[in-house]
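Chemist: Sharing a structure, written as structure tokens. Questions coming.
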Number of protein chains: 2
Amino acid sequence: MEYSEERIKSMIRDVKDYPKQGILFKDITPVLKDSAAFSSVIEELARRLSGTDFDYVIGIEARGFIIGSALAYRLGKGFIPIRKKGKLPYKTIGIEYALEYGSAAIEMHSDAIAKGSTVVIVDDLLATGGTASAAAELVRRSGGIVKVIAFLIELEFLNGRDKIKDTEILSLIKY
Amino acid sequence: MEYSEERIKSMIRDVKDYPKQGILFKDITPVLKDSAAFSSVIEELARRLSGTDFDYVIGIEARGFIIGSALAYRLGKGFIPIRKKGKLPYKTIGIEYALEYGSAAIEMHSDAIAKGSTVVIVDDLLATGGTASAAAELVRRSGGIVKVIAFLIELEFLNGRDKIKDTEILSLIKY
């Protein structure tokens, strides 16, 4: 199946008040479940990254694992997870970042990226950009170079791009 | 690269006392990071499933997402996530199961599987089998049929297979 933004958009399910009151959540599970749609999304991300030379795909827990892993396999790249604090077994480097209320922390294995390695970071959705910019900073602190941050969905009205400076952003579905 | 159990085994890292004292954790991140190793693992799982006719790959959060998603893409199947309680946005069915101390709960979207659908469940590691047998039960309660439960690693000395009855188990790396 050829990729179509409209077709994928029509399969994304709006869930009201998840994870909290007032949020309209974009549920991508109907897209993942449809083999043709899932495949077309991975193919389209691969196509748009075909001009980018890089070493690793980094997936952000947990939905970023689903998109990132299939993409890494498709492109013949290795996969590196960025996880929530305490979830990686070996030595880690971490970063804390502000949320609307409170804060969150993500970690990467401290030996995951050799100095000068190039990466594409993958997550399912760009909202305010807090997680993605923290992930990019984590890669930079490890000596890595972020070539592109790729998303399935971008909520443009939240201006997450403004938070992620000097890095190429790729997103397939825009709201 | 052709798949080799010995080669993959040599890349799996033992981490002592994670997630708690006395556990020797099998860290697969060095395998995922190596593009040739990662690819060979997905190819080998695909090869061993080539005789199995089924509809969906189900990945168990979170490392099961990494293996399951790439495998689903490779086989041209849709991907369905089973997640920890509270992590799926839409209506869910859940199941609680006993751990060594206390209990855990996993969920699946209640509309994820139509009656009679066939699935392969994927996780990274078979230990005591608690999570995998709960996942299989969740699929059955939704009217689905579990064809195979596939793991990258099986800790044979924990006898997890005994807990998962009447279901074909596939594992690549055995300890």
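Every chain in the structure tokens takes a letter, A first, then B, and so on in the order presented; its residues are numbered from 1, and the ligands are numbered from 1 following the presented order.
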I'd like the contact shell of B:Gly160 - 12 Å cut-off, only C-alpha atoms, skipping same-chain residues fewer than 4 positions apart - returned as a list in words.
Modeler: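 Using only C-alpha atoms, the neighbours found are Leu125, Leu126, Ala127, Thr128, Gly129, Gly130, Thr131, Ala132, Ser133, Ile149, Phe151, Ile153, Glu154, Leu155, Glu156, Ile164, Lys165, Ile169 and Ser171 of chain B.
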Chemist: Chain A residues within 6 Å of chain B, counting only C-alpha atoms: which ones, as a list in words?
Modeler: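 Filtering chain A at 6 Å from chain B with only C-alpha atoms gives Leu32, Lys33, Asp34, Ser35, Phe65, Ile66, Ser69, Ala70, Gly76, Lys77, Gly78, Phe79 and Ile80 of chain A.
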Chemist: Take the residues just selected and output them with N, CA and C atoms as a tab-separated table (two decimals), in the first residue's frame.
Modeler:
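Full text of part24.tsv as output:
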```tsv
chain	number	residue	atom	x	y	z
A	32	LEU	N	-1.08	0.72	13.83
A	32	LEU	CA	-0.10	-0.35	14.04
A	32	LEU	C	-0.69	-1.71	13.71
A	33	LYS	N	-1.97	-1.85	14.02
A	33	LYS	CA	-2.65	-3.14	13.87
A	33	LYS	C	-2.93	-3.49	12.41
A	34	ASP	N	-3.05	-2.47	11.57
A	34	ASP	CA	-3.33	-2.68	10.14
A	34	ASP	C	-2.00	-2.88	9.41
A	35	SER	N	-1.76	-4.11	8.96
A	35	SER	CA	-0.44	-4.43	8.42
A	35	SER	C	-0.05	-3.51	7.27
A	65	PHE	N	9.62	2.91	20.75
A	65	PHE	CA	10.24	1.60	20.50
A	65	PHE	C	9.56	0.93	19.30
A	66	ILE	N	8.24	1.08	19.22
A	66	ILE	CA	7.47	0.38	18.18
A	66	ILE	C	7.81	0.93	16.80
A	69	SER	N	12.02	0.64	16.25
A	69	SER	CA	12.60	-0.68	16.01
A	69	SER	C	12.35	-1.18	14.60
A	70	ALA	N	11.11	-1.03	14.13
A	70	ALA	CA	10.80	-1.45	12.76
A	70	ALA	C	11.59	-0.62	11.75
A	76	GLY	N	18.40	-1.23	8.18
A	76	GLY	CA	19.64	-1.96	8.46
A	76	GLY	C	20.53	-1.27	9.48
A	77	LYS	N	19.90	-0.60	10.45
A	77	LYS	CA	20.64	0.11	11.50
A	77	LYS	C	20.49	-0.62	12.83
A	78	GLY	N	21.40	-0.34	13.75
A	78	GLY	CA	21.23	-0.80	15.12
A	78	GLY	C	20.24	0.07	15.84
A	79	PHE	N	19.67	-0.50	16.91
A	79	PHE	CA	18.64	0.21	17.68
A	79	PHE	C	19.13	0.45	19.11
A	80	ILE	N	18.94	1.68	19.59
A	80	ILE	CA	19.32	2.04	20.97
A	80	ILE	C	18.10	2.59	21.69
```
Chemist: Could you go through chain B and tell me which residues DSSP, when run on the backbone, assigns to strand (DSSP E or B), listing them as number ranges by chain?
Modeler: B: 13-16, 24-27, 56-60, 78-84, 92-98, 103-109, 118-126, 145-154, 168-174
Chemist: Could the residues in this selection be written to a file with C-alpha atoms, as an mmCIF file, in the first residue's frame?
Modeler:
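Output (selection.cif):
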```cif
data_model
loop_
_atom_site.group_PDB
_atom_site.id
_atom_site.type_symbol
_atom_site.label_atom_id
_atom_site.label_comp_id
_atom_site.auth_asym_id
_atom_site.auth_seq_id
_atom_site.Cartn_x
_atom_site.Cartn_y
_atom_site.Cartn_z
ATOM 1 C CA ARG B 13 25.658 -8.735 28.752
ATOM 2 C CA ASP B 14 25.214 -10.140 32.256
ATOM 3 C CA VAL B 15 24.310 -7.423 34.764
ATOM 4 C CA LYS B 16 24.501 -8.471 38.408
ATOM 5 C CA LEU B 24 21.683 -11.912 36.975
ATOM 6 C CA PHE B 25 20.004 -9.796 34.306
ATOM 7 C CA LYS B 26 20.456 -10.593 30.616
ATOM 8 C CA ASP B 27 21.000 -7.242 28.895
ATOM 9 C CA TYR B 56 -1.033 -10.327 14.251
ATOM 10 C CA VAL B 57 2.172 -9.978 16.217
ATOM 11 C CA ILE B 58 1.530 -8.993 19.832
ATOM 12 C CA GLY B 59 4.418 -7.336 21.669
ATOM 13 C CA ILE B 60 4.586 -7.196 25.458
ATOM 14 C CA GLY B 78 -0.063 -5.801 12.050
ATOM 15 C CA PHE B 79 1.281 -5.097 15.546
ATOM 16 C CA ILE B 80 -0.786 -5.082 18.758
ATOM 17 C CA PRO B 81 0.658 -3.881 22.094
ATOM 18 C CA ILE B 82 -0.004 -5.481 25.474
ATOM 19 C CA ARG B 83 0.874 -2.861 28.065
ATOM 20 C CA LYS B 84 1.174 -2.380 31.784
ATOM 21 C CA THR B 92 -9.163 -2.277 27.742
ATOM 22 C CA ILE B 93 -9.422 -5.759 29.136
ATOM 23 C CA GLY B 94 -6.915 -6.613 31.806
ATOM 24 C CA ILE B 95 -5.519 -9.483 33.766
ATOM 25 C CA GLU B 96 -3.654 -9.637 37.046
ATOM 26 C CA TYR B 97 -1.061 -12.277 37.731
ATOM 27 C CA ALA B 98 1.132 -13.296 40.621
ATOM 28 C CA SER B 103 1.307 -9.057 41.589
ATOM 29 C CA ALA B 104 1.337 -7.288 38.231
ATOM 30 C CA ALA B 105 -1.362 -6.351 35.722
ATOM 31 C CA ILE B 106 -1.315 -6.071 31.943
ATOM 32 C CA GLU B 107 -3.930 -4.805 29.502
ATOM 33 C CA MET B 108 -4.904 -4.943 25.861
ATOM 34 C CA HIS B 109 -7.419 -2.808 23.981
ATOM 35 C CA THR B 118 -4.656 -15.730 15.298
ATOM 36 C CA VAL B 119 -1.604 -14.210 16.945
ATOM 37 C CA VAL B 120 2.046 -14.712 17.782
ATOM 38 C CA ILE B 121 2.997 -13.177 21.144
ATOM 39 C CA VAL B 122 6.549 -11.817 21.407
ATOM 40 C CA ASP B 123 8.662 -10.921 24.419
ATOM 41 C CA ASP B 124 12.380 -10.635 24.944
ATOM 42 C CA LEU B 125 12.781 -13.231 27.695
ATOM 43 C CA LEU B 126 11.019 -16.268 29.123
ATOM 44 C CA ILE B 145 -6.023 -17.881 19.213
ATOM 45 C CA VAL B 146 -2.375 -17.960 20.305
ATOM 46 C CA LYS B 147 -0.356 -19.823 17.689
ATOM 47 C CA VAL B 148 3.129 -19.321 19.136
ATOM 48 C CA ILE B 149 4.789 -17.413 21.973
ATOM 49 C CA ALA B 150 8.239 -16.330 20.796
ATOM 50 C CA PHE B 151 11.192 -15.175 22.888
ATOM 51 C CA LEU B 152 14.680 -14.052 22.140
ATOM 52 C CA ILE B 153 15.958 -15.690 25.354
ATOM 53 C CA GLU B 154 14.733 -18.598 27.454
ATOM 54 C CA GLU B 168 3.903 -23.666 21.130
ATOM 55 C CA ILE B 169 6.960 -21.911 22.562
ATOM 56 C CA LEU B 170 9.799 -20.640 20.395
ATOM 57 C CA SER B 171 13.046 -19.291 21.836
ATOM 58 C CA LEU B 172 16.353 -18.561 20.138
ATOM 59 C CA ILE B 173 18.884 -18.343 22.966
ATOM 60 C CA LYS B 174 18.821 -20.803 25.830
#
```
Chemist: For atom CA of B:Ser4 and atom CA of B:Ser50, quote the distance in Å rounded to one decimal.
Modeler: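 Separating atom CA of B:Ser4 from atom CA of B:Ser50 is a distance of 18.2 Å.
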Chemist: Taking the backbone alone, and naming residues the way the document does, which bits of stretch 65-145 of chain A are helix (DSSP H, G or I) by DSSP, as a PyMOL selection string?
Modeler: chain A and resi 65-75+130-141
Chemist: Which is closer to B:Asp166 than all the others in B:Ser142, B:Ala136, B:Tyr101, B:Glu6, using only C-alpha atoms?
Modeler: B:Ala136
